[in-house]
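Shown next, in structure tokens, is the structure this report addresses.
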Amino acid sequence: MDEVRFLGIALLCALLVFGGNGTEFEKVFEWKQMSYRDLPDLSKANTPILFPRAQGDTENETFQAYGNIPMGATHHKNRLFITIPRRRPGVPATLNVIDLTKVSRGDRSPPLQAYPTYPINELQPQYAPDLRRLVSVYRTKVDACERLWFVDTGMLEYPNNRRQLQRPQVWIIDLKRDQLVQRYTVPESIVREGVGMASITVDVEPTDCAGAFAYIPDLVANAIHVYSLRDNDMWSFNHSSFAYDRTRTTFNVAGQRFEWDDGVFSIAIGQNDTVARSKLVYYHPMVSTTEFGTFTNVLQSKRIAQSGYYDGLFEALGERGPNTQSTMHHYDPRTGVLFYAEVNRNSIGCWNTNQIFDADNHAVVHLDNRELIYPTDLTSDSDGMLWVLTNSLPVWIYSRLNESEYNFRLWRQDPAVAIRGTKCDNVV
């Protein structure tokens, strides 16, 4: 275990060393309710019924706009991929695309179109399992090899009718050809249900596309699952730092007070550490204000995962500050800044990794209690631009959205512009 002890010491050293508002994000689109283009016409007899009525007391799966709440947004080369998990009935497609070249000038609420096709997003009669189809996707990532990665949880989360329709799967699609690269079924030995696999982070070099790894936090199982594309294999880590913080369970968002218990939620790949000869990995539970770290060569080791000997390999960096509970976060290599989607204060936060990690070195680049309600996703495209999706989720769950107002918004900003004038700015 000498190698493990060395990595633990190196991690601690790295975390100790790296340790006013900026420019607001630009609003790109906003929707009152989501809509779709080219939905199959169910009135035509020769058109396949997209959402057949299931037997028993299940809901009729016809399109119901209110049940469609966008959860993830990824931009790649004039295409926006929008996910809508099946948390209520009436979702035509859980994975969707917007072709930005076809959006009319002035159209602030473009419709979605199923990706890759509507049939692949179609539920089978009587909710029969079909691993060739998608059930429910939360968030996506595009890697350096232009492939779209995501987890299909395989689970319907309808109120009072939750059911695991099929095993969760990791999907990989080549966006240059819009063709499936790989589809890996997650075994039950890894996880019983897929509902906690709400995000995915891909670690790959463009010179070795076959050597990709995917890191999948599991907010329910309090685990990090690791998938190796080359080996077509998966293993898991369980650690106390993956669990939620019992002192940070209270949220107050848009007038809704509630308590959640989501565990490890987001993983961001940071800078390369020359001592450990590995990249730093930042992670946090959503119900927490503490950031944690490990290394990519720890996560990529199935041997370490199975050994259960993690002493010093998963370490706390420190506290981000009050009400900084975060869904997704992303490390920008150009600025060396880590950006956070802070749901409990409707803001985008930041920390410059060249500074000591403490609350005083964190800043806010955008805070808006009227329009930036619940930033559910934060991603970066191949040009380094940050994209943020907000969706007012707590209102949707605990109250009722006003369907005559804009509820869902997509934002973007250049990282260097976003941090200008804040503590995260390298020139401050």
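Here, A, B, ... name the chains of the structure tokens in the order displayed, residue numbers run from 1 inside each chain, and ligands are numbered from 1 in the same displayed order.
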Original post:
as a ChimeraX atom specification, which residues of range 181-337 of chain A does DSSP assign to strand (DSSP E)?
Top reply: /A:181-185,201-205,208-218,223-228,233-238,250-253,256-259,264-273,278-285,290-295,315-319,326-332,337
Original post:
Counting only C-alpha atoms, what is within 12 Å of Tyr406 in chain A, bar same-chain residues fewer than 2 positions away, as a list in words?
Top reply: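 Result of the neighbour search: Phe29, Glu30, Trp31, Lys32, Gln33, Met34, Arg108, Ser109, Arg370, Glu371, Leu372, Ile373, Thr390, Asn391, Ser392, Leu401, Asn402, Glu403, Ser404, Phe408, Arg409 and Leu410 of chain A.
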May I have a table of the residues of range 113-178 of chain A lying at most 12 Å from range 327-338 of chain A, giving each one's closest pair of atoms and their distance in Å to one decimal, counting only C-alpha atoms, ordered by chain and ascending residue number, as CSV?
residue,atom,partner,partner_atom,distance
A:Tyr138,CA,A:Met328,CA,11.9
A:Arg139,CA,A:Met328,CA,10.0
A:Thr140,CA,A:Met328,CA,11.7
A:Lys141,CA,A:His330,CA,11.6
How about saving the chosen residues, N, CA, C and O atoms kept, as a compact mmCIF listing (two decimals), in the first residue's frame?
# COMPACT_ATOMS: atom_id res chain seq x y z
N TYR A 138 -30.87 12.41 -16.94
CA TYR A 138 -30.78 13.67 -16.19
C TYR A 138 -29.82 14.67 -16.81
O TYR A 138 -30.17 15.82 -17.03
N ARG A 139 -28.58 14.27 -17.05
CA ARG A 139 -27.59 15.21 -17.57
C ARG A 139 -26.66 14.50 -18.54
O ARG A 139 -26.50 13.28 -18.48
N THR A 140 -26.03 15.28 -19.43
CA THR A 140 -25.15 14.73 -20.45
C THR A 140 -23.80 15.45 -20.41
O THR A 140 -23.67 16.52 -19.84
N LYS A 141 -22.82 14.83 -21.05
CA LYS A 141 -21.51 15.47 -21.25
C LYS A 141 -21.00 15.12 -22.64
O LYS A 141 -21.19 13.99 -23.11
**OP:** Can you check which residues of range 61-309 of chain A DSSP gives as helix (DSSP H, G or I) on the backbone and send them as a list in words?
**Re:**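 Of range 61-309 of chain A, the ones in helix (DSSP H, G or I) are Ala65, Tyr66, Gly67, Leu100, Thr101, Lys102, Pro119, Ile120, Asn121, Pro125, Gln126, Tyr127, Ser240, Ser241, Phe242, Thr296, Asn297, Val298, Leu299, Lys302, Arg303, Ile304, Ala305, Gln306 and Ser307 of chain A.
Among A:Val364, A:Val137, A:Leu219, A:Val28, the residue with the shortest atom-to-atom distance to Asp107 in chain A, counting only C-alpha atoms, is A:Val28.
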Show me a table, sorted first by chain and then by increasing residue number, of the residues of range 146-262 of chain A having an atom at most 12 Å from range 113-127 of chain A, each with its shortest atom pair and the distance in Å to one decimal, counting only C-alpha atoms and written as JSON lines.
{"residue": "A:Leu148", "atom": "CA", "partner": "A:Pro116", "partner_atom": "CA", "distance": 11.1}
{"residue": "A:Asp152", "atom": "CA", "partner": "A:Asn121", "partner_atom": "CA", "distance": 10.7}
{"residue": "A:Gly154", "atom": "CA", "partner": "A:Leu123", "partner_atom": "CA", "distance": 10.8}
{"residue": "A:Met155", "atom": "CA", "partner": "A:Tyr127", "partner_atom": "CA", "distance": 10.5}
{"residue": "A:Leu156", "atom": "CA", "partner": "A:Tyr127", "partner_atom": "CA", "distance": 9.5}
{"residue": "A:Arg162", "atom": "CA", "partner": "A:Tyr127", "partner_atom": "CA", "distance": 12.0}
{"residue": "A:Arg163", "atom": "CA", "partner": "A:Tyr127", "partner_atom": "CA", "distance": 9.6}
{"residue": "A:Gln164", "atom": "CA", "partner": "A:Tyr127", "partner_atom": "CA", "distance": 9.8}
{"residue": "A:Leu165", "atom": "CA", "partner": "A:Tyr127", "partner_atom": "CA", "distance": 6.7}
{"residue": "A:Gln166", "atom": "CA", "partner": "A:Tyr127", "partner_atom": "CA", "distance": 9.4}
{"residue": "A:Trp171", "atom": "CA", "partner": "A:Pro116", "partner_atom": "CA", "distance": 11.9}
{"residue": "A:Ile172", "atom": "CA", "partner": "A:Pro116", "partner_atom": "CA", "distance": 11.8}
{"residue": "A:Ile173", "atom": "CA", "partner": "A:Pro116", "partner_atom": "CA", "distance": 9.2}
{"residue": "A:Asp174", "atom": "CA", "partner": "A:Pro116", "partner_atom": "CA", "distance": 10.9}
{"residue": "A:Leu175", "atom": "CA", "partner": "A:Pro116", "partner_atom": "CA", "distance": 10.0}
{"residue": "A:Arg177", "atom": "CA", "partner": "A:Pro116", "partner_atom": "CA", "distance": 11.0}
{"residue": "A:Asp178", "atom": "CA", "partner": "A:Pro116", "partner_atom": "CA", "distance": 7.2}
{"residue": "A:Gln179", "atom": "CA", "partner": "A:Pro116", "partner_atom": "CA", "distance": 8.6}
{"residue": "A:Leu180", "atom": "CA", "partner": "A:Pro116", "partner_atom": "CA", "distance": 9.5}
**OP:** Compare A:Thr250, A:Asn361, A:Ser288, A:Ser236 by their minimum atom-to-atom distance to Lys302 in chain A, counting only C-alpha atoms, and give me the closest one.
**Re:** A:Ser236
Original post:
A:His75, A:Arg37, A:Arg412, A:Arg192: which is nearest Ala93 in chain A, counting only C-alpha atoms?
Top reply: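 Closest to Ala93 in chain A of all the choices is A:Arg37.
Between CA of Asn354 in chain A and CA of Thr296 in chain A the interatomic distance comes to 19.5 Å.
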Subject >> Contacts of Asp414 in chain A within 8 Å, only C-alpha atoms, excl. fewer than 3 positions in-chain, as a VMD selection string >> reply: chain A and resid 384 to 386 417 to 418
Original post:
Taking only C-alpha atoms into account, which of A:Trp149, A:Asn68, A:Thr353, A:His362 comes nearest Ser35 in chain A?
Top reply: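 Counting only C-alpha atoms, the residue closest to Ser35 in chain A is A:Asn68.
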**OP:** For Phe237 in chain A, list every protein, DNA or RNA residue within 7 Å, evaluated using only C-alpha atoms, and leave out those in the same chain fewer than 6 positions away; present the list as an MDAnalysis selection string.
**Re:** chainID A and resid 223:225 305
May I have the selected residues written with C-alpha atoms, as a PDB file, in the first residue's frame?
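again_4.pdb was written with the following content:
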ATOM      1  CA  ALA A 223     -20.984   6.121  -4.196  1.00  0.00           C
ATOM      2  CA  ILE A 224     -18.816   7.061  -7.151  1.00  0.00           C
ATOM      3  CA  HIS A 225     -19.058   4.560  -9.990  1.00  0.00           C
ATOM      4  CA  ALA A 305     -11.714   0.332  -5.269  1.00  0.00           C
TER       5      ALA A 305
END
Subject >> Spatial neighbours of Tyr340 in chain A, max dist 6 Å, only C-alpha atoms, sep filter under 2 positions, as a list in words >> reply: His329, Glu342, Ile348 and Gly349 of chain A
Subject >> For Gly67 in chain A, the nearest of the candidates A:Ile98, A:Ile397, A:Val287, A:Ala254, counting only C-alpha atoms >> reply: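 The shortest atom-to-atom distance to Gly67 in chain A comes from A:Ile397.
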**OP:** Find, counting only C-alpha atoms, the residue in A:Val281, A:Leu39, A:Ile69, A:Leu80 that gets nearest to Val395 in chain A.
**Re:** A:Ile69
